[in-house]
>>> print(open('upload.txt').read())   # compact mmCIF, C-alpha atoms
# COMPACT_ATOMS: atom_id res chain seq x y z
CA MET X 1408 24.70 16.55 -13.11
CA SER X 1409 23.34 13.42 -11.43
CA THR X 1410 19.90 12.13 -12.29
CA ARG X 1411 17.35 12.71 -9.54
CA ARG X 1412 15.57 9.79 -7.94
CA THR X 1413 11.95 9.55 -8.98
CA LEU X 1414 8.88 8.45 -7.04
CA ARG X 1415 6.71 5.41 -7.57
CA LEU X 1416 3.09 6.16 -6.69
CA GLY X 1417 0.13 3.84 -6.23
CA LEU X 1418 -3.49 4.62 -5.36
CA ALA X 1419 -5.64 2.46 -3.08
CA ALA X 1420 -9.15 1.64 -4.29
CA TYR X 1421 -11.64 1.03 -1.48
CA GLY X 1422 -15.39 1.54 -1.60
CA THR X 1423 -15.60 4.31 1.01
CA GLY X 1424 -12.00 5.49 1.15
CA TRP X 1425 -9.63 4.73 4.01
CA ASP X 1426 -10.61 7.15 6.77
CA LEU X 1427 -13.09 5.71 9.28
CA ASP X 1428 -14.92 9.02 9.72
CA ALA X 1429 -14.54 10.98 6.47
CA TRP X 1430 -17.40 9.03 4.85
CA ARG X 1431 -19.73 11.22 6.97
CA LEU X 1432 -18.76 14.39 5.10
CA PRO X 1433 -21.67 15.84 3.09
CA GLU X 1434 -19.66 15.67 -0.13
CA ALA X 1435 -18.44 12.08 0.36
CA THR X 1436 -20.00 9.30 -1.67
CA ASN X 1437 -20.37 5.88 -0.09
CA ALA X 1438 -21.96 4.29 -3.13
CA GLY X 1439 -18.70 2.39 -3.68
CA LEU X 1440 -19.92 -0.29 -1.28
CA ARG X 1441 -22.37 -1.40 -3.95
CA ASP X 1442 -21.54 0.57 -7.10
CA PRO X 1443 -18.34 -0.62 -8.87
CA SER X 1444 -18.17 2.57 -10.94
CA VAL X 1445 -16.78 4.42 -7.90
CA ILE X 1446 -13.56 2.45 -7.74
CA LEU X 1447 -13.41 2.19 -11.52
CA ASP X 1448 -13.24 5.98 -11.45
CA ILE X 1449 -10.26 5.67 -9.11
CA ALA X 1450 -8.41 3.75 -11.84
CA ARG X 1451 -9.25 6.47 -14.38
CA THR X 1452 -7.99 9.14 -11.97
CA ALA X 1453 -4.78 7.22 -11.29
CA GLU X 1454 -4.01 6.88 -14.98
CA ARG X 1455 -4.78 10.53 -15.61
CA GLY X 1456 -2.10 11.32 -13.02
CA LYS X 1457 0.41 8.91 -14.61
CA LEU X 1458 0.50 6.85 -11.40
CA ASP X 1459 2.13 3.43 -11.44
CA TYR X 1460 -0.73 1.28 -10.22
CA VAL X 1461 -3.91 0.90 -8.22
CA PHE X 1462 -4.22 -1.47 -5.30
CA ALA X 1463 -7.56 -2.94 -4.27
CA GLY X 1464 -6.73 -4.96 -1.19
CA SER X 1465 -8.56 -8.25 -0.97
CA ALA X 1466 -9.92 -9.91 2.18
CA LEU X 1467 -11.14 -13.41 2.93
CA GLY X 1468 -12.65 -12.88 6.36
CA SER X 1469 -16.18 -11.68 7.14
CA GLU X 1470 -16.08 -8.43 9.11
CA PRO X 1471 -19.44 -6.67 8.74
CA ASP X 1472 -18.76 -4.55 11.84
CA ARG X 1473 -15.54 -2.99 10.49
CA LEU X 1474 -16.17 -0.11 8.14
CA ASN X 1475 -12.96 -0.29 6.11
CA ARG X 1476 -13.30 -4.06 5.69
CA ILE X 1477 -17.08 -4.48 5.38
CA HIS X 1478 -17.03 -5.12 1.62
CA ARG X 1479 -13.99 -5.94 -0.48
CA TRP X 1480 -14.58 -6.40 -4.17
CA ASP X 1481 -12.70 -9.36 -5.68
CA ASN X 1482 -9.55 -7.66 -6.90
CA PHE X 1483 -9.03 -9.86 -9.96
CA VAL X 1484 -12.50 -9.11 -11.26
CA TYR X 1485 -11.98 -5.42 -10.52
CA ALA X 1486 -8.61 -5.32 -12.25
CA GLY X 1487 -9.94 -7.13 -15.30
CA HIS X 1488 -12.68 -4.55 -15.73
CA ALA X 1489 -10.48 -1.56 -14.88
CA ALA X 1490 -7.76 -2.71 -17.28
CA ALA X 1491 -10.27 -2.44 -20.12
CA ILE X 1492 -10.80 1.26 -19.46
CA THR X 1493 -7.10 2.11 -18.95
CA LYS X 1494 -4.00 1.74 -21.10
CA ASN X 1495 -0.87 2.09 -18.96
CA LEU X 1496 -1.94 1.75 -15.33
CA GLY X 1497 -0.75 -1.27 -13.34
CA PHE X 1498 -2.77 -3.43 -10.95
CA VAL X 1499 -1.46 -5.04 -7.74
CA MET X 1500 -3.33 -8.26 -6.96
CA SER X 1501 -3.56 -9.57 -3.39
CA VAL X 1502 -3.73 -13.29 -2.67
CA ASN X 1503 -3.41 -15.19 0.60
CA SER X 1504 -1.03 -18.13 0.32
CA SER X 1505 -2.42 -19.66 3.52
CA PHE X 1506 -5.80 -20.26 1.87
CA GLU X 1507 -5.44 -20.07 -1.91
CA HIS X 1508 -3.97 -22.59 -4.32
CA PRO X 1509 -1.04 -21.73 -6.62
CA TYR X 1510 -2.58 -23.31 -9.72
CA SER X 1511 -5.74 -21.18 -9.53
CA VAL X 1512 -3.76 -18.04 -8.74
CA ALA X 1513 -1.31 -18.66 -11.59
CA ARG X 1514 -4.24 -19.03 -14.00
CA GLN X 1515 -5.67 -15.70 -12.86
CA LEU X 1516 -2.32 -13.91 -13.03
CA ALA X 1517 -1.40 -15.20 -16.47
CA THR X 1518 -4.86 -14.41 -17.81
CA LEU X 1519 -4.84 -10.89 -16.40
CA ASP X 1520 -1.28 -10.15 -17.53
CA ASN X 1521 -2.15 -11.20 -21.07
CA PHE X 1522 -5.42 -9.28 -21.12
CA ASN X 1523 -3.84 -6.07 -19.78
CA GLN X 1524 -0.58 -6.56 -21.73
CA GLY X 1525 1.82 -6.74 -18.82
CA ARG X 1526 0.34 -4.53 -16.12
CA THR X 1527 0.07 -6.99 -13.21
CA ALA X 1528 1.84 -7.40 -9.86
CA LEU X 1529 1.24 -9.94 -7.09
CA ASN X 1530 0.93 -9.08 -3.39
CA VAL X 1531 1.38 -12.30 -1.40
CA VAL X 1532 0.00 -12.17 2.14
CA PHE X 1533 -0.08 -15.11 4.51
CA GLY X 1534 -2.02 -14.02 7.60
CA ILE X 1535 -4.32 -16.58 9.19
CA ASP X 1536 -5.13 -14.73 12.42
CA ARG X 1537 -7.02 -11.72 11.04
CA ASP X 1538 -10.30 -10.60 12.54
CA GLY X 1539 -13.30 -11.92 10.65
CA ASP X 1540 -12.31 -15.59 11.03
CA PRO X 1541 -11.18 -16.39 7.46
CA VAL X 1542 -10.56 -19.98 8.57
CA GLY X 1543 -14.29 -20.29 9.24
CA ASN X 1544 -15.05 -19.36 5.64
CA PHE X 1545 -13.01 -22.20 4.14
CA GLY X 1546 -14.49 -25.23 5.82
CA ARG X 1547 -12.19 -28.23 5.71
CA ASN X 1548 -9.59 -26.63 3.49
CA PRO X 1549 -6.27 -27.31 5.25
CA VAL X 1550 -4.81 -24.12 6.73
CA PRO X 1551 -1.19 -23.83 7.91
CA THR X 1552 -0.22 -22.95 11.45
CA GLU X 1553 1.56 -19.74 12.48
CA GLU X 1554 4.79 -21.72 12.35
CA THR X 1555 4.27 -23.26 8.89
CA LYS X 1556 2.58 -20.41 7.00
CA TYR X 1557 5.89 -18.89 5.89
CA ALA X 1558 7.17 -22.16 4.45
CA ARG X 1559 3.85 -22.54 2.66
CA ALA X 1560 4.16 -18.99 1.30
CA ARG X 1561 7.59 -19.74 -0.14
CA GLU X 1562 6.38 -22.97 -1.67
CA PHE X 1563 3.28 -21.21 -3.00
CA THR X 1564 5.41 -18.51 -4.67
CA ASP X 1565 7.78 -21.08 -6.14
CA VAL X 1566 4.92 -23.09 -7.66
CA VAL X 1567 3.21 -19.97 -9.05
CA ASN X 1568 6.42 -18.87 -10.79
CA ARG X 1569 7.09 -22.35 -12.18
CA LEU X 1570 3.58 -22.56 -13.57
CA LEU X 1571 3.83 -19.09 -15.10
CA TYR X 1572 7.27 -19.41 -16.66
CA ASP X 1573 8.14 -23.11 -16.99
CA SER X 1574 4.88 -24.47 -18.41
CA TRP X 1575 5.13 -23.16 -21.97
CA ASP X 1576 7.77 -21.94 -24.38
CA HIS X 1577 6.95 -18.51 -25.75
CA ASP X 1578 6.97 -19.82 -29.34
CA PHE X 1579 4.40 -22.53 -28.56
CA LEU X 1580 2.00 -21.42 -31.30
CA LEU X 1581 3.14 -23.07 -34.55
CA ASP X 1582 -0.16 -22.54 -36.39
CA ASP X 1583 0.83 -24.86 -39.25
CA LYS X 1584 -2.45 -25.09 -41.14
CA PRO X 1585 -1.21 -27.15 -44.10
CA GLY X 1586 0.59 -29.59 -41.82
CA GLY X 1587 -2.25 -29.70 -39.29
CA THR X 1588 -0.11 -28.76 -36.29
CA LEU X 1589 -1.38 -25.92 -34.10
CA VAL X 1590 0.98 -26.18 -31.09
CA ARG X 1591 4.74 -26.73 -31.54
CA PRO X 1592 5.69 -30.22 -30.36
CA GLY X 1593 7.67 -30.19 -27.11
CA SER X 1594 6.69 -26.59 -26.33
CA TRP X 1595 4.89 -27.45 -23.08
CA HIS X 1596 6.30 -28.92 -19.89
CA GLN X 1597 4.90 -30.52 -16.76
CA ILE X 1598 6.41 -28.96 -13.66
CA ASP X 1599 5.71 -32.10 -11.58
CA PHE X 1600 6.06 -30.27 -8.28
CA SER X 1601 5.70 -32.24 -5.06
CA GLY X 1602 6.29 -30.34 -1.84
CA GLU X 1603 5.23 -30.20 1.77
CA HIS X 1604 2.09 -28.21 1.04
CA PHE X 1605 1.31 -28.61 -2.67
CA ASP X 1606 1.40 -31.25 -5.38
CA VAL X 1607 1.03 -29.72 -8.83
CA ARG X 1608 1.58 -31.53 -12.12
CA GLY X 1609 1.14 -28.74 -14.68
CA PRO X 1610 1.50 -27.38 -17.21
CA LEU X 1611 -0.60 -24.28 -16.75
CA ASN X 1612 -3.48 -24.14 -19.22
CA VAL X 1613 -2.97 -20.42 -19.89
CA PRO X 1614 -0.18 -18.85 -22.02
CA PRO X 1615 2.84 -17.32 -20.23
CA PRO X 1616 2.54 -13.75 -18.94
CA VAL X 1617 3.62 -10.81 -21.04
CA GLN X 1618 6.07 -9.64 -18.37
CA SER X 1619 9.35 -11.53 -17.96
CA HIS X 1620 8.64 -11.54 -14.23
CA ILE X 1621 5.43 -10.45 -12.55
CA PRO X 1622 6.59 -8.23 -9.65
CA ILE X 1623 5.93 -9.68 -6.20
CA VAL X 1624 5.02 -7.47 -3.24
CA GLN X 1625 5.83 -8.30 0.37
CA VAL X 1626 4.15 -6.97 3.53
CA GLY X 1627 4.61 -7.79 7.21
CA LEU X 1628 7.06 -7.09 10.04
CA SER X 1629 8.09 -10.53 11.27
CA GLU X 1630 11.60 -11.79 10.64
CA GLU X 1631 10.30 -14.60 8.42
CA SER X 1632 8.22 -12.15 6.43
CA LEU X 1633 11.20 -9.82 5.91
CA ARG X 1634 13.33 -12.78 4.84
CA TYR X 1635 10.67 -13.76 2.30
CA GLY X 1636 10.74 -10.23 0.90
CA ALA X 1637 14.52 -10.08 0.62
CA ASP X 1638 14.61 -13.46 -1.12
CA LEU X 1639 11.59 -13.32 -3.42
CA ALA X 1640 9.91 -9.91 -3.65
CA GLN X 1641 10.56 -6.82 -5.77
CA LEU X 1642 8.46 -4.39 -3.71
CA ARG X 1643 7.72 -3.97 -0.03
CA PHE X 1644 4.57 -2.32 1.28
CA SER X 1645 6.21 -0.97 4.42
CA PRO X 1646 4.95 0.90 7.46
CA TYR X 1647 6.16 4.49 7.69
CA PHE X 1648 8.65 4.97 10.54
CA GLY X 1649 9.50 8.67 10.23
CA ILE X 1650 12.71 10.16 8.84
CA SER X 1651 15.26 8.96 11.37
CA ARG X 1652 14.13 5.38 11.92
CA GLY X 1653 12.83 5.18 8.35
CA LYS X 1654 16.34 5.76 6.97
CA GLU X 1655 17.67 2.97 9.17
CA GLU X 1656 14.93 0.54 8.12
CA TYR X 1657 15.39 1.47 4.44
CA ARG X 1658 19.13 0.79 4.64
CA ARG X 1659 18.65 -2.54 6.44
CA LEU X 1660 16.10 -3.76 3.90
CA LYS X 1661 18.31 -2.82 0.96
CA GLU X 1662 21.27 -4.55 2.61
CA ARG X 1663 19.20 -7.72 3.03
CA VAL X 1664 18.47 -7.73 -0.69
CA ALA X 1665 22.10 -7.04 -1.62
CA ALA X 1666 23.27 -9.88 0.65
CA ASN X 1667 21.23 -12.23 -1.52
CA GLY X 1668 23.16 -11.17 -4.61
CA ARG X 1669 20.33 -9.00 -5.89
CA ASP X 1670 20.38 -5.36 -6.99
CA PRO X 1671 18.93 -3.36 -4.07
CA GLU X 1672 17.99 -0.50 -6.41
CA LYS X 1673 15.50 -2.84 -8.06
CA PHE X 1674 13.79 -3.52 -4.73
CA LYS X 1675 11.28 -0.73 -4.00
CA ILE X 1676 10.18 0.27 -0.49
CA ILE X 1677 6.72 1.83 -0.50
CA PRO X 1678 4.96 2.90 2.73
CA GLY X 1679 1.33 4.02 2.89
CA ILE X 1680 0.00 7.46 3.73
CA THR X 1681 -3.48 8.89 4.12
CA PHE X 1682 -3.46 12.26 2.39
CA TYR X 1683 -5.68 15.28 2.95
CA PRO X 1684 -4.99 17.82 0.16
CA GLY X 1685 -6.43 21.28 -0.37
CA GLY X 1686 -6.10 24.20 -2.74
CA THR X 1687 -4.39 26.05 0.11
CA ALA X 1688 -2.82 24.93 3.37
CA ARG X 1689 -5.68 26.58 5.24
CA GLU X 1690 -8.28 24.69 3.20
CA ALA X 1691 -6.50 21.39 3.76
CA ARG X 1692 -6.24 21.89 7.54
CA ALA X 1693 -9.87 23.00 7.71
CA LYS X 1694 -11.05 19.84 5.93
CA PHE X 1695 -8.79 17.65 8.06
CA ASN X 1696 -10.13 19.23 11.23
CA GLU X 1697 -13.70 18.88 9.94
CA ILE X 1698 -13.09 15.15 9.51
CA ASN X 1699 -11.41 14.88 12.89
CA ALA X 1700 -14.38 16.54 14.55
CA LEU X 1701 -16.59 13.63 13.45
CA GLN X 1702 -14.97 11.16 15.84
CA LEU X 1703 -15.52 10.54 19.52
CA THR X 1704 -12.61 11.10 21.90
CA GLU X 1705 -13.94 10.70 25.43
CA ALA X 1706 -11.04 8.51 26.56
CA LEU X 1707 -8.23 10.72 25.28
CA PRO X 1708 -8.18 13.72 27.67
CA ALA X 1709 -7.25 11.52 30.63
CA ALA X 1710 -4.52 9.88 28.57
CA PHE X 1711 -3.22 13.32 27.56
CA SER X 1712 -3.17 14.50 31.16
CA GLN X 1713 -1.03 11.55 32.13
CA ALA X 1714 1.28 11.77 29.10
CA LEU X 1715 1.83 15.54 29.23
CA GLY X 1716 1.99 15.79 32.98
CA ILE X 1717 -0.77 18.41 32.97
CA ASP X 1718 -4.14 18.17 34.73
CA LEU X 1719 -6.60 18.76 31.88
CA SER X 1720 -9.68 17.62 33.78
CA GLY X 1721 -10.89 21.18 34.31
CA VAL X 1722 -9.74 22.57 30.95
CA ARG X 1723 -12.24 23.03 28.15
CA ASP X 1724 -11.28 21.14 25.03
CA SER X 1725 -11.98 24.30 23.02
CA GLU X 1726 -8.88 25.94 24.49
CA ARG X 1727 -5.90 26.47 22.19
CA VAL X 1728 -3.16 23.90 22.74
CA LEU X 1729 -0.50 26.60 22.97
CA SER X 1730 -2.54 28.41 25.63
CA VAL X 1731 -2.46 25.34 27.85
CA VAL X 1732 0.74 23.47 26.97
CA ASP X 1733 4.26 24.90 27.26
CA ILE X 1734 6.02 22.78 24.65
CA ASP X 1735 9.49 23.62 25.94
CA LYS X 1736 8.59 22.10 29.33
CA LEU X 1737 7.18 18.82 28.03
CA PRO X 1738 8.82 15.57 29.18
CA ASP X 1739 11.17 13.99 26.64
CA ASP X 1740 8.78 11.12 25.92
CA ALA X 1741 5.48 12.96 26.38
CA LEU X 1742 3.80 11.64 23.24
CA SER X 1743 5.30 8.16 23.26
CA PRO X 1744 2.28 6.60 25.04
CA LEU X 1745 -0.07 8.27 22.54
CA LEU X 1746 1.56 7.89 19.13
CA SER X 1747 3.06 4.80 17.54
CA ASP X 1748 6.61 4.98 16.21
CA ARG X 1749 5.10 4.31 12.79
CA VAL X 1750 3.55 7.78 12.59
CA ARG X 1751 6.38 9.75 14.18
CA ASP X 1752 8.65 11.95 12.04
CA THR X 1753 11.10 12.60 14.87
CA LYS X 1754 12.19 11.07 18.16
CA ASP X 1755 12.00 14.52 19.79
CA ASP X 1756 8.46 14.78 21.17
CA ARG X 1757 8.65 18.54 21.56
CA GLU X 1758 9.62 18.89 17.91
CA LEU X 1759 6.91 16.38 16.97
CA LEU X 1760 4.20 18.45 18.66
CA ARG X 1761 5.48 21.58 16.90
CA GLN X 1762 5.26 19.70 13.58
CA ILE X 1763 1.71 18.57 14.27
CA LEU X 1764 0.61 22.09 15.11
CA GLY X 1765 2.61 23.75 12.37
CA THR X 1766 1.91 21.56 9.36
CA GLN X 1767 -1.00 19.29 10.22
CA ILE X 1768 -3.75 20.94 12.27
CA GLY X 1769 -2.56 24.54 12.61
CA GLU X 1770 -0.94 26.60 15.36
CA ASP X 1771 -4.36 27.80 16.54
CA ALA X 1772 -5.55 24.21 17.02
CA THR X 1773 -7.64 23.43 20.07
CA LEU X 1774 -7.14 20.58 22.50
CA ARG X 1775 -10.13 18.86 20.89
CA GLU X 1776 -8.45 19.02 17.49
CA LEU X 1777 -5.22 17.63 18.93
CA TYR X 1778 -7.17 14.79 20.60
CA HIS X 1779 -8.78 14.00 17.26
CA TYR X 1780 -5.47 14.04 15.43
CA VAL X 1781 -3.90 11.61 17.88
CA GLN X 1782 -6.87 9.25 17.80
CA ARG X 1783 -6.79 9.14 14.01
CA ALA X 1784 -3.03 8.52 13.94
CA ARG X 1785 -3.36 5.70 16.49
CA HIS X 1786 -5.94 3.97 14.35
CA ALA X 1787 -4.40 4.41 10.91
CA GLN X 1788 -0.85 3.39 11.82
CA GLN X 1789 0.30 5.56 8.94
CA PRO X 1790 0.95 9.29 8.70
CA ALA X 1791 -1.76 11.77 7.80
CA VAL X 1792 -0.15 14.14 5.31
CA VAL X 1793 -2.15 17.38 5.26
CA GLY X 1794 -1.57 20.45 3.13
CA ASP X 1795 -1.57 22.16 -0.21
CA ALA X 1796 0.34 20.85 -3.23
CA LYS X 1797 3.63 22.35 -2.05
CA ALA X 1798 3.39 20.91 1.47
CA ILE X 1799 2.53 17.39 0.28
CA ALA X 1800 5.23 17.55 -2.42
CA ASP X 1801 7.72 18.77 0.20
CA TRP X 1802 6.91 15.78 2.40
CA LEU X 1803 7.29 13.33 -0.48
CA GLU X 1804 10.48 14.93 -1.78
CA GLU X 1805 12.14 15.02 1.64
CA ASN X 1806 11.40 11.36 2.33
CA LEU X 1807 12.58 10.37 -1.16
CA GLU X 1808 15.81 12.35 -0.94
CA GLU X 1809 16.52 11.15 2.60
CA GLU X 1810 16.16 7.56 1.33
CA VAL X 1811 13.27 6.69 3.59
CA LEU X 1812 11.20 5.38 0.67
CA ASP X 1813 11.15 4.76 -3.07
CA GLY X 1814 7.50 5.61 -3.45
CA VAL X 1815 4.19 5.89 -1.64
CA GLN X 1816 0.93 3.99 -1.53
CA LEU X 1817 -1.73 6.73 -1.45
CA PHE X 1818 -4.88 6.06 0.58
CA PRO X 1819 -7.69 8.56 -0.22
CA PRO X 1820 -9.63 9.31 2.98
CA TYR X 1821 -12.94 9.44 1.09
CA HIS X 1822 -14.46 9.57 -2.41
CA ARG X 1823 -14.50 11.62 -4.45
CA GLY X 1824 -12.24 14.59 -4.06
CA PRO X 1825 -8.86 13.81 -2.48
CA ALA X 1826 -7.64 11.55 -5.31
CA ASP X 1827 -8.59 14.14 -7.92
CA LEU X 1828 -6.94 16.93 -5.93
CA PHE X 1829 -3.74 14.91 -5.66
CA VAL X 1830 -3.66 14.31 -9.41
CA ASP X 1831 -4.63 17.86 -10.34
CA LEU X 1832 -2.50 19.73 -7.78
CA VAL X 1833 0.26 17.55 -6.30
CA VAL X 1834 1.31 15.58 -9.39
CA PRO X 1835 2.11 18.72 -11.44
CA GLU X 1836 4.21 20.01 -8.53
CA LEU X 1837 6.13 16.71 -8.35
CA GLN X 1838 6.64 16.83 -12.12
CA ARG X 1839 7.91 20.41 -11.91
CA ARG X 1840 10.50 19.26 -9.38
CA GLY X 1841 11.59 16.43 -11.65
CA ILE X 1842 10.75 13.62 -9.21
CA PHE X 1843 7.76 12.13 -11.03
CA ARG X 1844 7.15 11.17 -14.63
CA THR X 1845 5.35 13.38 -17.14
CA GLU X 1846 4.54 10.44 -19.42
CA TYR X 1847 4.46 6.70 -19.01
CA GLU X 1848 7.93 5.51 -20.00
CA ALA X 1849 7.36 1.74 -20.24
CA PRO X 1850 4.56 -0.52 -21.49
CA THR X 1851 4.64 -2.91 -18.51
CA LEU X 1852 4.33 -2.50 -14.74
CA GLN X 1853 7.67 -4.25 -14.36
CA GLY X 1854 9.19 -1.49 -16.48
CA LEU X 1855 7.38 1.36 -14.71
CA LEU X 1856 8.49 0.16 -11.29
CA ASP X 1857 12.01 -0.69 -12.52
CA THR X 1858 12.00 -4.03 -10.71
CA ASP X 1859 13.70 -6.24 -13.31
CA ASP X 1860 16.28 -7.98 -11.13
CA THR X 1861 18.07 -11.24 -11.81
CA TYR X 1862 15.32 -12.95 -13.76
>>> encode(input="upload.txt", output="C-alpha cells")
Amino acid sequence: MSTRRTLRLGLAAYGTGWDLDAWRLPEATNAGLRDPSVILDIARTAERGKLDYVFAGSALGSEPDRLNRIHRWDNFVYAGHAAAITKNLGFVMSVNSSFEHPYSVARQLATLDNFNQGRTALNVVFGIDRDGDPVGNFGRNPVPTEETKYARAREFTDVVNRLLYDSWDHDFLLDDKPGGTLVRPGSWHQIDFSGEHFDVRGPLNVPPPVQSHIPIVQVGLSEESLRYGADLAQLRFSPYFGISRGKEEYRRLKERVAANGRDPEKFKIIPGITFYPGGTAREARAKFNEINALQLTEALPAAFSQALGIDLSGVRDSERVLSVVDIDKLPDDALSPLLSDRVRDTKDDRELLRQILGTQIGEDATLRELYHYVQRARHAQQPAVVGDAKAIADWLEENLEEEVLDGVQLFPPYHRGPADLFVDLVVPELQRRGIFRTEYEAPTLQGLLDTDDTY
C-alpha cells in the first residue's frame, strides 16, 4: 500500500486577521494592532495543532489607510518572542532584498535559528512598487529598478547563504583553557564578496545556523520571479488557481525545479486560503454571510446585470438567486468579468455558480449574499473556504490528491475563533484521514517541510 501524501500547513499572524470586514463582528478582537499577546496566541494555537509554521508578513511601506497593512509588527522580533513560548513550531521570516542588506539579514537569521534550534525559514520578496511608498521611507539608500531588482535578489540570496554557511566551521569552538585558545585557528573565513549590488567581507559575527540549509520561500508571478524560485527556493507561496489550472501550474513549477537537477518533491507549493469554519456547515455559512453583510456593494448589481445578461435593476437584492437566475441558461463566461481565475475552481461558470451556492453561501442565498461573496473574492485574490470540518478537509484533501498543492497557508479572517476552530475541528479530521501529522516528526523546520534538497 502506497504512503499517502501529507499536507504542510502554516498559519498567518496579523493583528486583525485577514478579512477586511470581519473585524467588525462583535466577537472579534482588534487589540492585536497594539497588543502583541494576540499574535503570540496565534503561535500557541498553531503549535497545539501541530502546524508547520506561522508567517507574520513584514512590510516596509507606510499605509495607514489600508486595514490589513496598517500595522505590521517586525517579524524577527515577533518570532524571537514566539519561539520562546513554543517548542516545535517554525517561523517564516520576510525580508525585502530591494531594501535590506544581506549582512544584517544573515545576522538575524543565524541568531534566530540558533535561539529557536532550527525553526527558521526565509521569505525573500523584492517588490519596490508597493503602495505606501517604501522608497520614501529609506531616504538615500540605493534602491534597484524594476529591471535590476531580480539580479539584486539573487545576489542578496547568494551573499546571505555564504555568510551563514561559509563564515565559520561548525567545530570553531576549541575551548582550550589550559592552552589559552578559545576559537580553533583557521575555523573562520572571509567570504570577500564583491558584486554588482553588494560588497561584503565577512565573516559573519554569529555562529552558523542549526539547520543545514534555512529554507527559502519564493513569491511572485513574473518570469524572473519564477526562475528565482526554481533555482534557489524550497517553497513557493503561490496563488490558488483552482483544480484544473492549478494542476497545470503545479506540474510546470515542479518541472522547472527538476530541469535544474533538483528533486521536485522537495520543492513545496503552498497557496493561501481564507477559511471560515463552523461546528456545522450551516453555522459556517451563517457566519460567512454575516461577515459578507458588513461590506458595501453598491457597484456590483450593475456589473452582475451585464455579466449575467439579466436586468437586475428592478429586482430586490433580498430575492433568492435561484428565483432570479436560471443557471442552465447562463452564458459560458458569465462570471469571468466578476471573478479572477485565482479564485475559480472550474472553468465552467455554471458549475462554478452551483459550487458557490452549494458549498459556500447556501442554496437559499440571496442576490445580496452573492454580491458580497463576489466582492470579497475579488479583493482577497484567494479562495474563501467555508464549511464544517468535513467540508474544509474535503477541499484540502481533494487539492492535495489532485496535485494542485503540497500544503496551505491559512489566513484567519479575524481573531479569535477561526484559528482555534481549525485546530480543534479540522486538524483531527485531517489526522483521521492520514494526511496530516499527529506528532511533530522532526526537530527542525527543514525536516518538517521535507525541503532538504542538494545542499
>>> closest_residue(input="upload.txt", among="X:Ala1710, X:Leu1427, X:Val1811, X:Leu1729", to="Asp1771 of chain X", atoms="all atoms listed in the file")
X:Leu1729
>>> closest_residue(input="upload.txt", among="X:Glu1809, X:Pro1790, X:His1779, X:His1577", to="Val1590 of chain X", atoms="all atoms listed in the file")
X:His1577
>>> closest_residue(input="upload.txt", among="X:Asp1573, X:Asp1827, X:Asp1583, X:Asp1520", to="Ile1449 of chain X", atoms="all atoms listed in the file")
X:Asp1827
>>> residues_around(input="upload.txt", residues="Ile1680 of chain X", least_positions_apart="2", cutoff="6 Å", atoms="only C-alpha atoms", output="MDAnalysis selection string")
chainID X and resid 1789:1790 1817:1818
>>> closest_residue(input="upload.txt", among="X:Trp1480, X:Trp1595, X:Phe1498, X:Tyr1421", to="Glu1454 of chain X", atoms="all atoms listed in the file")
X:Phe1498
>>> residues_around(input="upload.txt", residues="segment 1664-1679 of chain X", least_positions_apart="6", cutoff="8 Å", atoms="only C-alpha atoms", output="list of chain:residue names")
X:Arg1415, X:Ala1637, X:Asp1638, X:Ala1640, X:Gln1641, X:Leu1642, X:Arg1643, X:Phe1644, X:Ser1645, X:Pro1646, X:Tyr1647, X:Tyr1657, X:Gln1789, X:Pro1790, X:Leu1812, X:Asp1813, X:Gly1814, X:Val1815, X:Gln1816, X:Leu1817, X:Phe1818, X:Leu1856, X:Asp1857, X:Thr1858, X:Asp1859, X:Asp1860, X:Thr1861
>>> decode(input="upload.txt", residues="segment 1728-1739 of chain X", atoms="N, CA and C atoms", output="compact mmCIF listing (two decimals), in the first residue's frame")
# COMPACT_ATOMS: atom_id res chain seq x y z
N VAL X 1728 -31.18 33.87 -5.24
CA VAL X 1728 -30.50 33.80 -6.53
C VAL X 1728 -31.23 32.86 -7.47
N LEU X 1729 -31.59 31.67 -6.96
CA LEU X 1729 -32.21 30.66 -7.82
C LEU X 1729 -33.63 31.02 -8.24
N SER X 1730 -34.21 32.04 -7.61
CA SER X 1730 -35.52 32.51 -8.04
C SER X 1730 -35.40 33.50 -9.20
N VAL X 1731 -34.20 34.03 -9.39
CA VAL X 1731 -33.99 35.06 -10.40
C VAL X 1731 -33.14 34.55 -11.56
N VAL X 1732 -32.17 33.69 -11.25
CA VAL X 1732 -31.18 33.26 -12.24
C VAL X 1732 -31.43 31.80 -12.61
N ASP X 1733 -31.57 31.53 -13.88
CA ASP X 1733 -31.63 30.16 -14.41
C ASP X 1733 -30.19 29.77 -14.77
N ILE X 1734 -29.56 28.99 -13.92
CA ILE X 1734 -28.14 28.68 -14.11
C ILE X 1734 -27.89 28.01 -15.45
N ASP X 1735 -28.80 27.13 -15.86
CA ASP X 1735 -28.59 26.40 -17.11
C ASP X 1735 -28.56 27.32 -18.33
N LYS X 1736 -29.12 28.52 -18.20
CA LYS X 1736 -29.18 29.44 -19.34
C LYS X 1736 -28.11 30.54 -19.28
N LEU X 1737 -27.21 30.44 -18.31
CA LEU X 1737 -26.15 31.45 -18.21
C LEU X 1737 -25.20 31.35 -19.39
N PRO X 1738 -24.63 32.48 -19.81
CA PRO X 1738 -23.56 32.44 -20.83
C PRO X 1738 -22.36 31.65 -20.31
N ASP X 1739 -21.56 31.12 -21.24
CA ASP X 1739 -20.42 30.30 -20.85
C ASP X 1739 -19.45 31.03 -19.93
